[in-house]
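A.B. asks: Sending over a structure as structure tokens; questions will come in a sec.
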Amino acid sequence: ALAALALAPTLTPTIAPVSPGAPLLLALAIGLLPWVRFDGLLPAAIFLGVGFWTWRESPRARRWLLAGALLAALVPLGHRLLQGAWLPATIAAKALHGGEASLAGAGTVALEFARATAGMSAYWLIAPSVHLLLVPLAIWGAYRWCCVLAKDAATLTTLLWSFSHSAVFIFAGRAYATNFPWYFVPPLLGLGLLAAHGVAPMLERITVRAPRAAAVLPALLALVVGLAALPSLKSGFARVRESFTAHRERAYAAAAIWLGRSGPAASVASNEIGTLAWYSPPGTEIVDLFGLARRPAERSLGWLELVRRRRPEAVVTRMDFRYRRELEAELAGEYLWARLGALDVGLRADRAAHYARFQEELPRIYFEVQPGARPSPRPELPD
């Protein structure tokens with residue numbers, strides 16, 4: 001989706017000549033974005049509006065844009081015909097189960113957008129980097145673009161997408177979005193483009209004095225900025241990779257293997273089901289608390305009601321999620337809990353004594369498991 005957005009400059013004669021093929025390229029971007037991700041409908045709609053304005057006197061170009069719009073419209077239409085709903089089940093589930101909308105949630109999301117725009121994130125980048133220097137350049141670039149430069153369609157399209165994308169998540173009011181750092185990337189495109197407008201006068205002065213530098217100066221500047229950002233990015237990615245493997249993949253894998261070997265558990269519930277399902281033995285029923293992979297009749301149920309109905313043998317969730325707290329409040333005594341790394345493992349009370357006999361196996365499995373590898377066959381454990 002981000003690569004397709006790079007076609008925005010085809011709208012602008014000042015950046016790329018408007019050739020006969022430009023409307024076709026933009027129509028392809030409009031049509032293909034929703035097929036990459038469903039939320040690509042937002043930039044596709046912005047492309048369509050700006051394209052119609054740019055080529056308002058070209059019937060041929062507008063026909064191409066309409067063709068792209070029809071290709072994009074096939075995505076929600078296909079969901080309606082095949083699944084009976086205009087939205088994909090994943091988006092509907094996130095809207096239903098992603099927490100209550102609130103002013104506090106909107107403020108949390110807005111703060112995360114601000115932090116991400118400044119090169120930081122509560123989730124993965126926690127130390128300032130050279131990216132922070134782009135902010136004053138972007139402010140100066142915004143002034144130049146608004147008050148000095150011609151309003152080119154490429155910048156307009158990118159900024160419209162950046163602001164509208166941010167507004168959708170902020171007004172949704174669900175702080176759960178902060179668990180997904182990729183939601184906060186689109187505004188960085190607008191920031192980078194405005195920073196380019198801000199630094200342009202300095203580069204123009206250099207190229208006037210050294211015309212031969214014009215071809216390599218932008219690439220050289222990008223390389224310098226990239227190298228300056230590398231230390232903080234490298235440490236941030238290493239921290240997240242280590243945390244992700246230890247707190248999610250390895251812990252969930254160990255819990256699934258332990259429940260499969262010492263039970264085996266007939267059913268396991270979680271809000272993060274991928275690793276559990278991968279490592280659980282065949283026949284284990286996975287109960288999706290978050291709602292992305294449920295039976296059709298259960299998609300509208302709250303997760304607590306789902307637990308009441310299905311009574312899974314085990315509930316596995318990260319300790320910083322709300323599931324254990326709410327289960328203990330609503331179903332006191334129904335589940336007994338153990339801690340595995342960053343996970344809480346809840347065992348149904350009538351089965352907890354059985355699993356307690358094998359609890360010493362948990363640490364060994366945790367350190368032996370290889371995340372991503374196929375689980376080994378289930379060994380026989382003593383009765």
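Ordering of the structure tokens sets the chain letters (A, B, ...); residue numbers start at 1 within each chain; ligands are numbered from 1 in the order shown.
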I want to know what sits within 9 Å of Ala172 of chain A, based on only C-alpha atoms, with residues of the same chain fewer than 3 positions away left out; could you give that as a PyMOL selection string?
C.D. replies: chain A and resi 95+101-102+105-106+167-169+175
A.B. asks: Could you name the residues that touch segment 313-324 of chain A at 6 Å or less, counting only C-alpha atoms, but leaving out those on the same chain fewer than 5 positions away, as an MDAnalysis selection string?
C.D. replies: chainID A and resid 267:270 342:348
A.B. asks: Restricting the output to N, CA, C and O atoms, write the selected residues as a CSV table (one decimal), in the first residue's frame.
C.D. replies:
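Saved as again_14.csv:
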```
chain,number,residue,atom,x,y,z
A,267,SER,N,-9.6,-28.0,25.1
A,267,SER,CA,-9.8,-26.7,24.5
A,267,SER,C,-8.9,-25.7,25.2
A,267,SER,O,-8.7,-25.8,26.4
A,268,VAL,N,-8.4,-24.7,24.5
A,268,VAL,CA,-7.5,-23.7,25.0
A,268,VAL,C,-8.0,-22.4,24.5
A,268,VAL,O,-8.3,-22.2,23.2
A,269,ALA,N,-8.2,-21.4,25.3
A,269,ALA,CA,-8.7,-20.1,24.9
A,269,ALA,C,-7.6,-19.0,25.1
A,269,ALA,O,-6.8,-19.1,26.0
A,270,SER,N,-7.6,-18.1,24.1
A,270,SER,CA,-6.6,-17.0,24.2
A,270,SER,C,-7.1,-15.9,23.2
A,270,SER,O,-7.9,-16.1,22.4
A,342,ALA,N,5.9,-14.0,30.6
A,342,ALA,CA,5.0,-12.9,30.6
A,342,ALA,C,3.6,-13.4,30.4
A,342,ALA,O,2.7,-12.5,30.2
A,343,LEU,N,3.3,-14.7,30.5
A,343,LEU,CA,2.0,-15.2,30.3
A,343,LEU,C,1.3,-15.6,31.7
A,343,LEU,O,2.0,-16.0,32.6
A,344,ASP,N,0.0,-15.4,31.7
A,344,ASP,CA,-0.8,-16.0,32.7
A,344,ASP,C,-1.5,-17.2,32.1
A,344,ASP,O,-2.2,-17.1,31.1
A,345,VAL,N,-1.4,-18.4,32.8
A,345,VAL,CA,-2.1,-19.6,32.3
A,345,VAL,C,-3.1,-20.0,33.3
A,345,VAL,O,-2.8,-20.3,34.5
A,346,GLY,N,-4.4,-19.9,32.9
A,346,GLY,CA,-5.5,-20.2,33.8
A,346,GLY,C,-6.0,-21.6,33.5
A,346,GLY,O,-6.3,-22.0,32.4
A,347,LEU,N,-6.1,-22.4,34.5
A,347,LEU,CA,-6.5,-23.8,34.4
A,347,LEU,C,-7.9,-24.0,35.1
A,347,LEU,O,-8.1,-23.6,36.2
A,348,ARG,N,-8.8,-24.6,34.3
A,348,ARG,CA,-10.1,-24.8,34.9
A,348,ARG,C,-10.0,-25.6,36.2
A,348,ARG,O,-9.3,-26.5,36.3
```
A.B. asks: Between atom CA of Trp258 of chain A and atom CA of Ile286 of chain A, what is the spacing in Å?
C.D. replies: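 Taking atom CA of Ile286 of chain A as the start and atom CA of Trp258 of chain A as the end point, the length is 15.1 Å.
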A.B. asks: Taking the backbone alone, and naming residues the way the document does, which bits of segment 195-358 of chain A are alpha helix (DSSP H) by DSSP, as a count of residues only?
C.D. replies: 85
A.B. asks: Which residues of segment 78-158 of chain A sit at most 12 Å from segment 42-47 of chain A, using only C-alpha atoms? Give each one's shortest atom pair and distance in Å (one decimal place), in chain and ascending residue order, as CSV.
C.D. replies:
```
residue,atom,partner,partner_atom,distance
A:Ala153,CA,A:Phe47,CA,9.7
A:Ala154,CA,A:Phe47,CA,9.7
A:Thr155,CA,A:Phe47,CA,11.7
A:Leu156,CA,A:Ile46,CA,9.6
A:Thr157,CA,A:Ile46,CA,6.6
A:Thr158,CA,A:Pro43,CA,8.6
```
A.B. asks: When you look at Leu132 of chain A with a cut-off of 6 Å (counting only C-alpha atoms), what residues show up, excluding the ones that are within fewer than 2 positions of it in the same chain? I need them as an MDAnalysis selection string.
C.D. replies: chainID A and resid 118:119 129:130 134:135
A.B. asks: For each of A:Leu223, A:Leu133, A:Leu149, A:Leu65, take the minimum atom-to-atom distance to Pro201 of chain A, counting only C-alpha atoms, then give the residue where this is smallest.
C.D. replies: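 Looking only at the distances to Pro201 of chain A, the closest residue turns out to be A:Leu149.
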A.B. asks: Write out as a PyMOL selection string which residues come within 10 Å of Leu71 of chain A when counting only C-alpha atoms, dropping same-chain ones fewer than 3 positions away.
C.D. replies: chain A and resi 27-28+30-35+65-68+74-75
A.B. asks: Mind writing the picked residues with N, CA and C atoms as a PDB file, in the first residue's frame?
C.D. replies:
```pdb
ATOM      1  N   ALA A  27      -5.110   5.036 -11.656  1.00  0.00           N
ATOM      2  CA  ALA A  27      -6.273   4.154 -11.586  1.00  0.00           C
ATOM      3  C   ALA A  27      -5.882   2.791 -11.038  1.00  0.00           C
ATOM      4  N   LEU A  28      -4.700   2.285 -11.442  1.00  0.00           N
ATOM      5  CA  LEU A  28      -4.230   1.005 -10.904  1.00  0.00           C
ATOM      6  C   LEU A  28      -3.988   1.109  -9.399  1.00  0.00           C
ATOM      7  N   ILE A  30      -5.498   3.162  -7.300  1.00  0.00           N
ATOM      8  CA  ILE A  30      -6.811   3.225  -6.660  1.00  0.00           C
ATOM      9  C   ILE A  30      -7.432   1.832  -6.577  1.00  0.00           C
ATOM     10  N   GLY A  31      -7.332   1.083  -7.670  1.00  0.00           N
ATOM     11  CA  GLY A  31      -7.960  -0.223  -7.713  1.00  0.00           C
ATOM     12  C   GLY A  31      -7.275  -1.275  -6.880  1.00  0.00           C
ATOM     13  N   LEU A  32      -5.931  -1.197  -6.745  1.00  0.00           N
ATOM     14  CA  LEU A  32      -5.177  -2.267  -6.092  1.00  0.00           C
ATOM     15  C   LEU A  32      -4.986  -2.049  -4.594  1.00  0.00           C
ATOM     16  N   LEU A  33      -5.007  -0.800  -4.146  1.00  0.00           N
ATOM     17  CA  LEU A  33      -4.757  -0.538  -2.717  1.00  0.00           C
ATOM     18  C   LEU A  33      -5.683  -1.344  -1.794  1.00  0.00           C
ATOM     19  N   PRO A  34      -6.995  -1.380  -2.022  1.00  0.00           N
ATOM     20  CA  PRO A  34      -7.857  -2.153  -1.109  1.00  0.00           C
ATOM     21  C   PRO A  34      -7.611  -3.654  -1.174  1.00  0.00           C
ATOM     22  N   TRP A  35      -7.017  -4.140  -2.273  1.00  0.00           N
ATOM     23  CA  TRP A  35      -6.710  -5.566  -2.365  1.00  0.00           C
ATOM     24  C   TRP A  35      -5.475  -5.913  -1.541  1.00  0.00           C
ATOM     25  N   LEU A  65     -10.016   6.662 -14.035  1.00  0.00           N
ATOM     26  CA  LEU A  65     -10.195   6.732 -12.588  1.00  0.00           C
ATOM     27  C   LEU A  65     -11.456   5.990 -12.134  1.00  0.00           C
ATOM     28  N   LEU A  66     -12.523   6.110 -12.904  1.00  0.00           N
ATOM     29  CA  LEU A  66     -13.743   5.380 -12.568  1.00  0.00           C
ATOM     30  C   LEU A  66     -13.518   3.873 -12.645  1.00  0.00           C
ATOM     31  N   ALA A  67     -12.721   3.430 -13.638  1.00  0.00           N
ATOM     32  CA  ALA A  67     -12.402   2.004 -13.732  1.00  0.00           C
ATOM     33  C   ALA A  67     -11.638   1.537 -12.495  1.00  0.00           C
ATOM     34  N   GLY A  68     -10.697   2.362 -12.025  1.00  0.00           N
ATOM     35  CA  GLY A  68      -9.967   2.016 -10.802  1.00  0.00           C
ATOM     36  C   GLY A  68     -10.892   1.967  -9.599  1.00  0.00           C
ATOM     37  N   LEU A  74     -14.903  -3.708  -5.771  1.00  0.00           N
ATOM     38  CA  LEU A  74     -15.099  -5.154  -5.765  1.00  0.00           C
ATOM     39  C   LEU A  74     -14.703  -5.776  -4.425  1.00  0.00           C
ATOM     40  N   VAL A  75     -13.818  -5.093  -3.671  1.00  0.00           N
ATOM     41  CA  VAL A  75     -13.359  -5.666  -2.398  1.00  0.00           C
ATOM     42  C   VAL A  75     -14.497  -5.727  -1.380  1.00  0.00           C
TER      43      VAL A  75
END
```
A.B. asks: A:Gln83, A:Asn179, A:Ser232, A:Thr275: which is nearest His131 of chain A, counting only C-alpha atoms?
C.D. replies: A:Ser232
A.B. asks: Smallest atom-to-atom distance to Leu87 of chain A: which of A:Trp303, A:Leu41, A:Ala329, A:Thr178, using only C-alpha atoms?
C.D. replies: A:Leu41
A.B. asks: Between atom CA of Leu259 of chain A and atom CA of Arg310 of chain A, what is the distance in Å, rounded to a tenth?
C.D. replies: 17.5 Å
A.B. asks: Suppose you want the space between atom CA of Pro76 of chain A and atom CA of Leu160 of chain A; what is it in Å?
C.D. replies: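 Going from atom CA of Pro76 of chain A over to atom CA of Leu160 of chain A covers 22.5 Å.
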A.B. asks: Mind checking which residues fall within 10 Å of Leu276 of chain A, counting only C-alpha atoms, ignoring those fewer than 3 positions away in the same chain, and posting them as an MDAnalysis selection string?
C.D. replies: chainID A and resid 249 251:257 259 268:270 272:273 279:281 284 286 316
A.B. asks: Segment 186-194 of chain A: which residues within 6 Å, counting only C-alpha atoms, same-chain residues fewer than 3 positions away excluded, as a PyMOL selection string?
C.D. replies: chain A and resi 117+138+141-142+158-159+162+197
A.B. asks: Could the residues in this selection be saved with N, CA, C and O atoms as a PDB file, in the first residue's frame?
C.D. replies:
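Written out: again-v5.pdb:
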```pdb
ATOM      1  N   THR A 117       5.318  10.370  15.260  1.00  0.00           N
ATOM      2  CA  THR A 117       5.725  11.424  14.339  1.00  0.00           C
ATOM      3  C   THR A 117       7.046  12.043  14.747  1.00  0.00           C
ATOM      4  O   THR A 117       7.841  12.470  13.901  1.00  0.00           O
ATOM      5  N   ALA A 138      10.048  19.887   9.111  1.00  0.00           N
ATOM      6  CA  ALA A 138       8.691  19.705   8.601  1.00  0.00           C
ATOM      7  C   ALA A 138       7.828  20.925   8.889  1.00  0.00           C
ATOM      8  O   ALA A 138       6.989  21.308   8.068  1.00  0.00           O
ATOM      9  N   GLY A 141       8.858  23.409   6.419  1.00  0.00           N
ATOM     10  CA  GLY A 141       8.358  22.973   5.118  1.00  0.00           C
ATOM     11  C   GLY A 141       6.867  23.195   4.978  1.00  0.00           C
ATOM     12  O   GLY A 141       6.376  23.552   3.896  1.00  0.00           O
ATOM     13  N   ALA A 142       6.092  22.989   6.069  1.00  0.00           N
ATOM     14  CA  ALA A 142       4.655  23.225   6.016  1.00  0.00           C
ATOM     15  C   ALA A 142       4.364  24.700   5.760  1.00  0.00           C
ATOM     16  O   ALA A 142       3.453  25.042   4.984  1.00  0.00           O
ATOM     17  N   THR A 158      -0.662  13.144  -0.079  1.00  0.00           N
ATOM     18  CA  THR A 158       0.022  12.488   1.031  1.00  0.00           C
ATOM     19  C   THR A 158      -0.431  13.047   2.374  1.00  0.00           C
ATOM     20  O   THR A 158      -0.671  12.304   3.328  1.00  0.00           O
ATOM     21  N   LEU A 159      -0.565  14.394   2.458  1.00  0.00           N
ATOM     22  CA  LEU A 159      -0.997  15.006   3.715  1.00  0.00           C
ATOM     23  C   LEU A 159      -2.444  14.650   4.044  1.00  0.00           C
ATOM     24  O   LEU A 159      -2.783  14.399   5.211  1.00  0.00           O
ATOM     25  N   SER A 162      -2.323  11.198   5.456  1.00  0.00           N
ATOM     26  CA  SER A 162      -1.726  11.183   6.793  1.00  0.00           C
ATOM     27  C   SER A 162      -2.715  11.674   7.846  1.00  0.00           C
ATOM     28  O   SER A 162      -2.913  11.037   8.889  1.00  0.00           O
ATOM     29  N   HIS A 197      10.395  19.540   1.815  1.00  0.00           N
ATOM     30  CA  HIS A 197      10.133  20.926   1.413  1.00  0.00           C
ATOM     31  C   HIS A 197      10.933  21.904   2.277  1.00  0.00           C
ATOM     32  O   HIS A 197      11.378  22.959   1.802  1.00  0.00           O
TER      33      HIS A 197
END
```
A.B. asks: Might you pull out every residue within 12 Å of Ala293 of chain A, with only C-alpha atoms counted and same-chain residues fewer than 3 positions away left off, and present them as a PyMOL selection string?
C.D. replies: chain A and resi 88-94+269-274+277+285-290+296-300
A.B. asks: Closest to Leu25 of chain A among A:Trp53, A:Phe38, A:Trp64, A:Tyr176, using only C-alpha atoms?
C.D. replies: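 Of A:Trp53, A:Phe38, A:Trp64, A:Tyr176, the one nearest Leu25 of chain A, counting only C-alpha atoms, is A:Trp64.
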